[in-house]
Amino acid sequence: MTAIRVEGLRKSYGDFAAVKGISFEVADGEIFALLGRNGAGKTTTIELLAGFQQPDGGSCQVLGLDPARDRAAVRRRTGIMLQEAGFFQDLTVARTVDTWCDFTAAPRPRDEALELAGLLPKAGTRVRQLSGGEKRRLDLALALLGRPDVLFLDEPTTGMDPEARRNTWDVVRELAGQGTTILLTTHYLEEAQRLAGSMAIMDAGEIVASGGMAETLAARSGRVAFRLPPGTSPADLPLPVTLEGETAVCRAADPDLAAQTLLSWAAERGLRLAGLEVRTATLEDLFLDLSGSHR
């Protein structure tokens, strides 16, 4: 079943086209990563899906509803964590959640929401005394209050320390395992690769790549990198390489086989491939290859 459907979605601000006819689908209970540089159109897309803005063209549906026309119904069944949220700085964390509970239908108990976000020990702390990462966790607690069927997370772990970030990943996985559909944006590509089952990369308002995470990465070239041995040039090597500073980089569909070929060549000549690194394609490789190449 499709929880989110986007078809030819467009949104402009004056002469600036922020979203240029994008299309994608997110399955029920899936974690979907929407990636791209700053200004690619990710946040505008989320705001359109949440019903905060009216599209100029195309269509989008969330749980079979039009977010702009059926905004109240969509809001009852979704949670959203935007990049910036306004808090009353002198309220405590507990009082902030209590206030939001007053506007949420059938909310979770306050302590349950704070426990999920890893913020229960800070319940009595004033918001202004929280760190940036703790404020993001408060954003998360508020987004989870209504037990949403669809959760929008816009840069959810910005400012968090590594432990808090991994704890948040666990929460996201747990929610998806319980059937919550999650659309997230993040600049932490490791985060997207660890969490998402599928993804789309946006650049200048367009989707330049999309598909299942594992399948998409499996179709990309891997990488073998090493320091070029003294007295040799790229032309001497048995496989084509490019130089990145002092590092020779060979891209290959099977990086393990490429590494074996290069090591055999070096062994026959009594050479050493210092700093050898072999890896399959990563989301960072894909992102850097595609994002910006369509400008």
# chains A, B, ... in the order shown; residues from 1 in each chain; ligands from 1
>>> closest_atom_pairs(of="range 238-265 of chain A", to="range 271-275 of chain A", cutoff="10 Å", atoms="only C-alpha atoms", output="Markdown table")
| residue | atom | partner | partner_atom | distance |
| --- | --- | --- | --- | --- |
| A:Thr247 | CA | A:Gly275 | CA | 8.8 |
| A:Ala248 | CA | A:Leu273 | CA | 9.8 |
| A:Ala259 | CA | A:Leu273 | CA | 9.9 |
| A:Leu262 | CA | A:Leu273 | CA | 8.4 |
| A:Leu263 | CA | A:Leu273 | CA | 7.3 |
| A:Ser264 | CA | A:Leu271 | CA | 9.8 |
| A:Trp265 | CA | A:Leu271 | CA | 8.4 |
>>> write_last_selection(atoms="N, CA, C and O atoms", output="PDB file, in the first residue's frame")
ATOM      1  N   THR A 247      46.805  10.184  -4.400  1.00  0.00           N
ATOM      2  CA  THR A 247      46.093   8.917  -4.315  1.00  0.00           C
ATOM      3  C   THR A 247      45.585   8.489  -5.688  1.00  0.00           C
ATOM      4  O   THR A 247      44.961   9.268  -6.407  1.00  0.00           O
ATOM      5  N   ALA A 248      45.864   7.235  -6.046  1.00  0.00           N
ATOM      6  CA  ALA A 248      45.332   6.650  -7.271  1.00  0.00           C
ATOM      7  C   ALA A 248      44.006   5.983  -6.950  1.00  0.00           C
ATOM      8  O   ALA A 248      43.903   5.225  -5.973  1.00  0.00           O
ATOM      9  N   ALA A 259      41.082  -5.033  -6.847  1.00  0.00           N
ATOM     10  CA  ALA A 259      42.173  -4.980  -5.868  1.00  0.00           C
ATOM     11  C   ALA A 259      43.119  -6.172  -6.046  1.00  0.00           C
ATOM     12  O   ALA A 259      44.348  -6.021  -5.970  1.00  0.00           O
ATOM     13  N   LEU A 262      45.362  -5.519  -9.033  1.00  0.00           N
ATOM     14  CA  LEU A 262      46.382  -4.511  -8.734  1.00  0.00           C
ATOM     15  C   LEU A 262      47.449  -5.065  -7.793  1.00  0.00           C
ATOM     16  O   LEU A 262      48.650  -4.790  -7.961  1.00  0.00           O
ATOM     17  N   LEU A 263      47.040  -5.865  -6.807  1.00  0.00           N
ATOM     18  CA  LEU A 263      48.012  -6.437  -5.873  1.00  0.00           C
ATOM     19  C   LEU A 263      48.916  -7.445  -6.569  1.00  0.00           C
ATOM     20  O   LEU A 263      50.122  -7.515  -6.291  1.00  0.00           O
ATOM     21  N   SER A 264      48.352  -8.241  -7.486  1.00  0.00           N
ATOM     22  CA  SER A 264      49.180  -9.199  -8.239  1.00  0.00           C
ATOM     23  C   SER A 264      50.203  -8.460  -9.085  1.00  0.00           C
ATOM     24  O   SER A 264      51.384  -8.849  -9.151  1.00  0.00           O
ATOM     25  N   TRP A 265      49.754  -7.385  -9.733  1.00  0.00           N
ATOM     26  CA  TRP A 265      50.670  -6.574 -10.544  1.00  0.00           C
ATOM     27  C   TRP A 265      51.799  -6.021  -9.689  1.00  0.00           C
ATOM     28  O   TRP A 265      52.979  -6.065 -10.076  1.00  0.00           O
TER      29      TRP A 265
END
>>> residues_around(residues="range 87-99 of chain A", least_positions_apart="2", cutoff="12 Å", atoms="only C-alpha atoms", output="PyMOL selection string")
chain A and resi 84-85+101-104+107-115+117+119-130+134-146
>>> write_last_selection(atoms="C-alpha atoms", output="PDB file, in the first residue's frame")
ATOM      1  CA  GLU A  84      13.515  24.979  13.205  1.00  0.00           C
ATOM      2  CA  ALA A  85      10.712  25.033  15.747  1.00  0.00           C
ATOM      3  CA  CYS A 101      -0.762  17.743  24.385  1.00  0.00           C
ATOM      4  CA  ASP A 102      -3.625  20.226  24.749  1.00  0.00           C
ATOM      5  CA  PHE A 103      -3.684  20.578  20.941  1.00  0.00           C
ATOM      6  CA  THR A 104      -3.137  16.899  20.085  1.00  0.00           C
ATOM      7  CA  PRO A 107      -1.677  12.153  22.708  1.00  0.00           C
ATOM      8  CA  ARG A 108       0.888   9.791  24.145  1.00  0.00           C
ATOM      9  CA  PRO A 109       1.556  10.265  27.852  1.00  0.00           C
ATOM     10  CA  ARG A 110       4.125  13.014  28.319  1.00  0.00           C
ATOM     11  CA  ASP A 111       6.749  10.780  29.912  1.00  0.00           C
ATOM     12  CA  GLU A 112       6.377   8.184  27.154  1.00  0.00           C
ATOM     13  CA  ALA A 113       7.095  10.797  24.466  1.00  0.00           C
ATOM     14  CA  LEU A 114      10.087  12.126  26.394  1.00  0.00           C
ATOM     15  CA  GLU A 115      11.407   8.615  26.989  1.00  0.00           C
ATOM     16  CA  ALA A 117      13.196  10.962  22.500  1.00  0.00           C
ATOM     17  CA  LEU A 119      14.793  13.462  27.056  1.00  0.00           C
ATOM     18  CA  LEU A 120      13.025  12.254  30.203  1.00  0.00           C
ATOM     19  CA  PRO A 121      15.939  13.237  32.518  1.00  0.00           C
ATOM     20  CA  LYS A 122      15.554  16.816  31.235  1.00  0.00           C
ATOM     21  CA  ALA A 123      11.823  17.061  31.994  1.00  0.00           C
ATOM     22  CA  GLY A 124      12.343  19.782  34.629  1.00  0.00           C
ATOM     23  CA  THR A 125      14.898  21.776  32.596  1.00  0.00           C
ATOM     24  CA  ARG A 126      13.939  25.062  30.963  1.00  0.00           C
ATOM     25  CA  VAL A 127      14.099  25.039  27.186  1.00  0.00           C
ATOM     26  CA  ARG A 128      16.661  27.850  27.069  1.00  0.00           C
ATOM     27  CA  GLN A 129      19.058  25.642  29.047  1.00  0.00           C
ATOM     28  CA  LEU A 130      18.970  22.820  26.510  1.00  0.00           C
ATOM     29  CA  GLU A 134      18.526  18.378  23.121  1.00  0.00           C
ATOM     30  CA  LYS A 135      16.200  20.855  21.461  1.00  0.00           C
ATOM     31  CA  ARG A 136      16.116  18.588  18.411  1.00  0.00           C
ATOM     32  CA  ARG A 137      15.123  15.715  20.689  1.00  0.00           C
ATOM     33  CA  LEU A 138      12.336  17.889  22.102  1.00  0.00           C
ATOM     34  CA  ASP A 139      11.202  18.498  18.508  1.00  0.00           C
ATOM     35  CA  LEU A 140      11.119  14.727  18.058  1.00  0.00           C
ATOM     36  CA  ALA A 141       9.093  14.161  21.230  1.00  0.00           C
ATOM     37  CA  LEU A 142       6.491  16.661  20.036  1.00  0.00           C
ATOM     38  CA  ALA A 143       6.353  15.083  16.565  1.00  0.00           C
ATOM     39  CA  LEU A 144       5.629  11.695  18.163  1.00  0.00           C
ATOM     40  CA  LEU A 145       2.894  12.878  20.521  1.00  0.00           C
ATOM     41  CA  GLY A 146      -0.014  12.007  18.238  1.00  0.00           C
TER      42      GLY A 146
END
>>> atom_distance(atom1="CA of Ser23 in chain A", atom2="CA of Val6 in chain A")
4.8 Å
>>> residues_around(residues="Leu184 in chain A", least_positions_apart="2", cutoff="7 Å", atoms="only C-alpha atoms", output="short mmCIF file (atom, residue, chain, number, x, y, z; two decimals) with all heavy atoms, in the first residue's frame")
data_model
loop_
_atom_site.label_atom_id
_atom_site.label_comp_id
_atom_site.auth_asym_id
_atom_site.auth_seq_id
_atom_site.Cartn_x
_atom_site.Cartn_y
_atom_site.Cartn_z
N PHE A 32 11.94 6.40 3.97
CA PHE A 32 12.32 6.96 2.68
C PHE A 32 13.18 8.19 2.94
O PHE A 32 12.80 9.08 3.71
CB PHE A 32 11.06 7.34 1.90
CG PHE A 32 11.32 7.90 0.52
CD1 PHE A 32 11.34 7.07 -0.58
CD2 PHE A 32 11.52 9.26 0.33
CE1 PHE A 32 11.55 7.58 -1.86
CE2 PHE A 32 11.74 9.78 -0.94
CZ PHE A 32 11.76 8.94 -2.03
N ALA A 33 14.35 8.26 2.31
CA ALA A 33 15.25 9.40 2.48
C ALA A 33 15.16 10.32 1.27
O ALA A 33 15.35 9.86 0.13
CB ALA A 33 16.69 8.92 2.66
N LEU A 34 14.88 11.58 1.51
CA LEU A 34 14.87 12.60 0.47
C LEU A 34 16.12 13.45 0.68
O LEU A 34 16.24 14.16 1.69
CB LEU A 34 13.61 13.45 0.57
CG LEU A 34 13.36 14.48 -0.53
CD1 LEU A 34 13.22 13.80 -1.89
CD2 LEU A 34 12.11 15.31 -0.23
N PHE A 152 7.25 13.00 9.26
CA PHE A 152 8.18 13.76 8.44
C PHE A 152 9.31 14.26 9.35
O PHE A 152 9.05 14.97 10.33
CB PHE A 152 7.49 14.97 7.79
CG PHE A 152 6.36 14.60 6.86
CD1 PHE A 152 5.05 14.86 7.21
CD2 PHE A 152 6.61 14.00 5.64
CE1 PHE A 152 4.01 14.52 6.38
CE2 PHE A 152 5.58 13.64 4.79
CZ PHE A 152 4.27 13.91 5.16
N LEU A 153 10.54 13.92 9.01
CA LEU A 153 11.70 14.30 9.80
C LEU A 153 12.66 15.10 8.92
O LEU A 153 13.29 14.54 8.03
CB LEU A 153 12.41 13.05 10.35
CG LEU A 153 11.58 12.12 11.24
CD1 LEU A 153 12.40 10.89 11.63
CD2 LEU A 153 11.09 12.85 12.48
N ASP A 154 12.77 16.39 9.18
CA ASP A 154 13.63 17.27 8.40
C ASP A 154 14.90 17.54 9.18
O ASP A 154 14.89 18.30 10.16
CB ASP A 154 12.88 18.57 8.09
CG ASP A 154 13.51 19.36 6.95
OD1 ASP A 154 14.50 18.86 6.36
OD2 ASP A 154 13.03 20.46 6.65
N ILE A 182 7.94 6.78 7.32
CA ILE A 182 8.84 7.88 7.69
C ILE A 182 9.52 8.43 6.45
O ILE A 182 10.14 7.69 5.69
CB ILE A 182 9.89 7.40 8.71
CG1 ILE A 182 9.19 6.95 9.99
CG2 ILE A 182 10.89 8.52 9.01
CD1 ILE A 182 10.08 6.21 10.95
N THR A 186 18.22 14.44 5.43
CA THR A 186 19.40 14.51 6.28
C THR A 186 20.62 14.84 5.44
O THR A 186 20.70 14.45 4.27
CB THR A 186 19.63 13.19 7.04
OG1 THR A 186 20.81 13.28 7.84
CG2 THR A 186 19.76 12.01 6.08
#
>>> select_by_dssp(residues="range 4-247 of chain A", states="strand (DSSP E)", output="VMD selection string")
chain A and resid 4 to 13 16 to 27 31 to 36 57 to 62 78 to 81 150 to 154 181 to 185 198 to 203 206 to 212 222 to 227 242 to 244 247
>>> select_by_dssp(residues="range 49-169 of chain A", states="helix (DSSP H, G or I)", output="PyMOL selection string")
chain A and resi 49+71-77+93-101+110-116+120-122+127-129+132-143+162-169
>>> write_last_selection(atoms="N, CA and C atoms", output="compact mmCIF listing (two decimals), in the first residue's frame")
# COMPACT_ATOMS: atom_id res chain seq x y z
N LEU A 49 3.73 18.37 1.44
CA LEU A 49 3.13 17.11 1.89
C LEU A 49 2.40 17.28 3.22
N ARG A 71 -6.33 19.23 5.06
CA ARG A 71 -5.22 19.49 5.97
C ARG A 71 -5.52 19.01 7.39
N ALA A 72 -6.71 19.26 7.91
CA ALA A 72 -7.02 18.87 9.29
C ALA A 72 -6.94 17.36 9.45
N ALA A 73 -7.46 16.62 8.48
CA ALA A 73 -7.42 15.16 8.55
C ALA A 73 -5.99 14.64 8.45
N VAL A 74 -5.19 15.27 7.58
CA VAL A 74 -3.79 14.87 7.43
C VAL A 74 -3.02 15.16 8.71
N ARG A 75 -3.24 16.32 9.30
CA ARG A 75 -2.50 16.69 10.51
C ARG A 75 -2.80 15.75 11.67
N ARG A 76 -4.02 15.20 11.72
CA ARG A 76 -4.36 14.28 12.81
C ARG A 76 -3.58 12.98 12.71
N ARG A 77 -3.14 12.64 11.50
CA ARG A 77 -2.51 11.33 11.30
C ARG A 77 -1.02 11.43 10.98
N VAL A 93 10.81 21.58 29.86
CA VAL A 93 10.55 20.56 28.83
C VAL A 93 9.20 19.90 29.07
N ALA A 94 8.92 19.54 30.32
CA ALA A 94 7.64 18.89 30.64
C ALA A 94 6.46 19.79 30.32
N ARG A 95 6.56 21.05 30.69
CA ARG A 95 5.46 21.97 30.45
C ARG A 95 5.27 22.20 28.95
N THR A 96 6.36 22.21 28.19
CA THR A 96 6.25 22.37 26.74
C THR A 96 5.46 21.22 26.14
N VAL A 97 5.77 20.00 26.56
CA VAL A 97 5.04 18.83 26.05
C VAL A 97 3.58 18.87 26.49
N ASP A 98 3.33 19.25 27.75
CA ASP A 98 1.96 19.36 28.23
C ASP A 98 1.15 20.34 27.40
N THR A 99 1.77 21.44 27.03
CA THR A 99 1.08 22.45 26.22
C THR A 99 0.70 21.89 24.86
N TRP A 100 1.63 21.15 24.23
CA TRP A 100 1.34 20.55 22.94
C TRP A 100 0.27 19.46 23.06
N CYS A 101 0.26 18.78 24.18
CA CYS A 101 -0.76 17.74 24.38
C CYS A 101 -2.17 18.33 24.31
N ARG A 110 2.95 12.14 28.43
CA ARG A 110 4.13 13.01 28.32
C ARG A 110 5.42 12.25 28.53
N ASP A 111 5.50 11.46 29.61
CA ASP A 111 6.75 10.78 29.91
C ASP A 111 7.11 9.74 28.85
N GLU A 112 6.10 9.14 28.23
CA GLU A 112 6.38 8.18 27.15
C GLU A 112 7.03 8.88 25.96
N ALA A 113 6.51 10.05 25.59
CA ALA A 113 7.09 10.80 24.47
C ALA A 113 8.52 11.23 24.79
N LEU A 114 8.74 11.69 26.02
CA LEU A 114 10.09 12.13 26.39
C LEU A 114 11.05 10.95 26.48
N GLU A 115 10.56 9.81 26.93
CA GLU A 115 11.41 8.62 26.99
C GLU A 115 11.82 8.18 25.59
N LEU A 116 10.87 8.19 24.65
CA LEU A 116 11.20 7.83 23.27
C LEU A 116 12.29 8.72 22.71
N LEU A 120 13.72 12.31 28.92
CA LEU A 120 13.02 12.25 30.20
C LEU A 120 13.85 12.85 31.35
N PRO A 121 15.17 12.63 31.42
CA PRO A 121 15.94 13.24 32.52
C PRO A 121 15.94 14.77 32.49
N LYS A 122 15.56 15.36 31.36
CA LYS A 122 15.55 16.82 31.23
C LYS A 122 14.15 17.40 31.42
N VAL A 127 13.69 25.22 28.58
CA VAL A 127 14.10 25.04 27.19
C VAL A 127 15.37 25.81 26.87
N ARG A 128 15.49 27.02 27.40
CA ARG A 128 16.66 27.85 27.07
C ARG A 128 17.96 27.24 27.59
N GLN A 129 17.86 26.27 28.50
CA GLN A 129 19.06 25.64 29.05
C GLN A 129 19.46 24.38 28.28
N GLY A 132 21.69 22.42 21.61
CA GLY A 132 21.04 22.34 20.31
C GLY A 132 20.51 20.95 20.02
N GLY A 133 21.31 19.93 20.35
CA GLY A 133 20.88 18.55 20.13
C GLY A 133 19.70 18.17 21.00
N GLU A 134 19.66 18.66 22.23
CA GLU A 134 18.53 18.38 23.12
C GLU A 134 17.26 19.04 22.63
N LYS A 135 17.38 20.21 22.04
CA LYS A 135 16.20 20.86 21.46
C LYS A 135 15.67 20.06 20.28
N ARG A 136 16.57 19.45 19.51
CA ARG A 136 16.12 18.59 18.41
C ARG A 136 15.37 17.38 18.96
N ARG A 137 15.82 16.85 20.08
CA ARG A 137 15.12 15.72 20.69
C ARG A 137 13.75 16.14 21.22
N LEU A 138 13.64 17.38 21.69
CA LEU A 138 12.34 17.89 22.10
C LEU A 138 11.42 18.01 20.89
N ASP A 139 11.97 18.48 19.77
CA ASP A 139 11.20 18.50 18.51
C ASP A 139 10.67 17.10 18.19
N LEU A 140 11.52 16.10 18.36
CA LEU A 140 11.12 14.73 18.06
C LEU A 140 10.00 14.26 18.99
N ALA A 141 10.14 14.55 20.27
CA ALA A 141 9.09 14.16 21.23
C ALA A 141 7.75 14.75 20.84
N LEU A 142 7.74 16.01 20.43
CA LEU A 142 6.49 16.66 20.04
C LEU A 142 5.93 16.05 18.75
N ALA A 143 6.81 15.69 17.82
CA ALA A 143 6.35 15.08 16.57
C ALA A 143 5.72 13.71 16.80
N PRO A 162 27.08 11.82 18.99
CA PRO A 162 26.98 10.51 18.35
C PRO A 162 26.05 9.54 19.08
N GLU A 163 26.08 9.53 20.40
CA GLU A 163 25.22 8.60 21.14
C GLU A 163 23.75 8.94 20.95
N ALA A 164 23.41 10.23 21.05
CA ALA A 164 22.02 10.64 20.86
C ALA A 164 21.57 10.36 19.44
N ARG A 165 22.47 10.55 18.48
CA ARG A 165 22.11 10.29 17.08
C ARG A 165 21.77 8.80 16.89
N ARG A 166 22.58 7.93 17.44
CA ARG A 166 22.31 6.49 17.29
C ARG A 166 21.06 6.07 18.04
N ASN A 167 20.80 6.69 19.19
CA ASN A 167 19.57 6.40 19.91
C ASN A 167 18.35 6.83 19.10
N THR A 168 18.48 7.95 18.40
CA THR A 168 17.39 8.42 17.55
C THR A 168 17.18 7.47 16.38
N TRP A 169 18.27 6.95 15.82
CA TRP A 169 18.14 5.95 14.75
C TRP A 169 17.34 4.75 15.25
>>> residues_around(residues="Glu215 in chain A", least_positions_apart="6", cutoff="12 Å", atoms="only C-alpha atoms", output="PDB file with C-alpha atoms, in the first residue's frame")
ATOM      1  CA  GLN A 193      22.162   4.682   4.220  1.00  0.00           C
ATOM      2  CA  GLY A 197      15.001   1.333   2.405  1.00  0.00           C
ATOM      3  CA  SER A 198      14.615   3.675  -0.566  1.00  0.00           C
ATOM      4  CA  MET A 199      15.617   7.197  -1.469  1.00  0.00           C
ATOM      5  CA  ALA A 281      29.782   2.053  -3.514  1.00  0.00           C
ATOM      6  CA  THR A 282      28.402   4.257  -0.743  1.00  0.00           C
ATOM      7  CA  LEU A 283      25.575   6.733  -0.721  1.00  0.00           C
TER       8      LEU A 283
END
>>> residues_around(residues="Phe24 in chain A", least_positions_apart="6", cutoff="8 Å", atoms="only C-alpha atoms", output="list in words")
Arg5, Val6, Glu7 and Ala200 of chain A
>>> closest_atom_pairs(of="range 77-135 of chain A", to="range 41-47 of chain A", cutoff="10 Å", atoms="only C-alpha atoms", output="tab-separated table")
residue	atom	partner	partner_atom	distance
A:Ile80	CA	A:Ile46	CA	8.8
A:Met81	CA	A:Ile46	CA	10.0
A:Leu82	CA	A:Thr43	CA	8.1
A:Gln83	CA	A:Thr43	CA	8.5
>>> atom_distance(atom1="CA of Gly8 in chain A", atom2="CA of Cys60 in chain A")
8.5 Å
>>> closest_residue(among="A:Glu155, A:Glu30, A:Glu190, A:Asp170", to="Glu284 in chain A", atoms="only C-alpha atoms")
A:Glu190
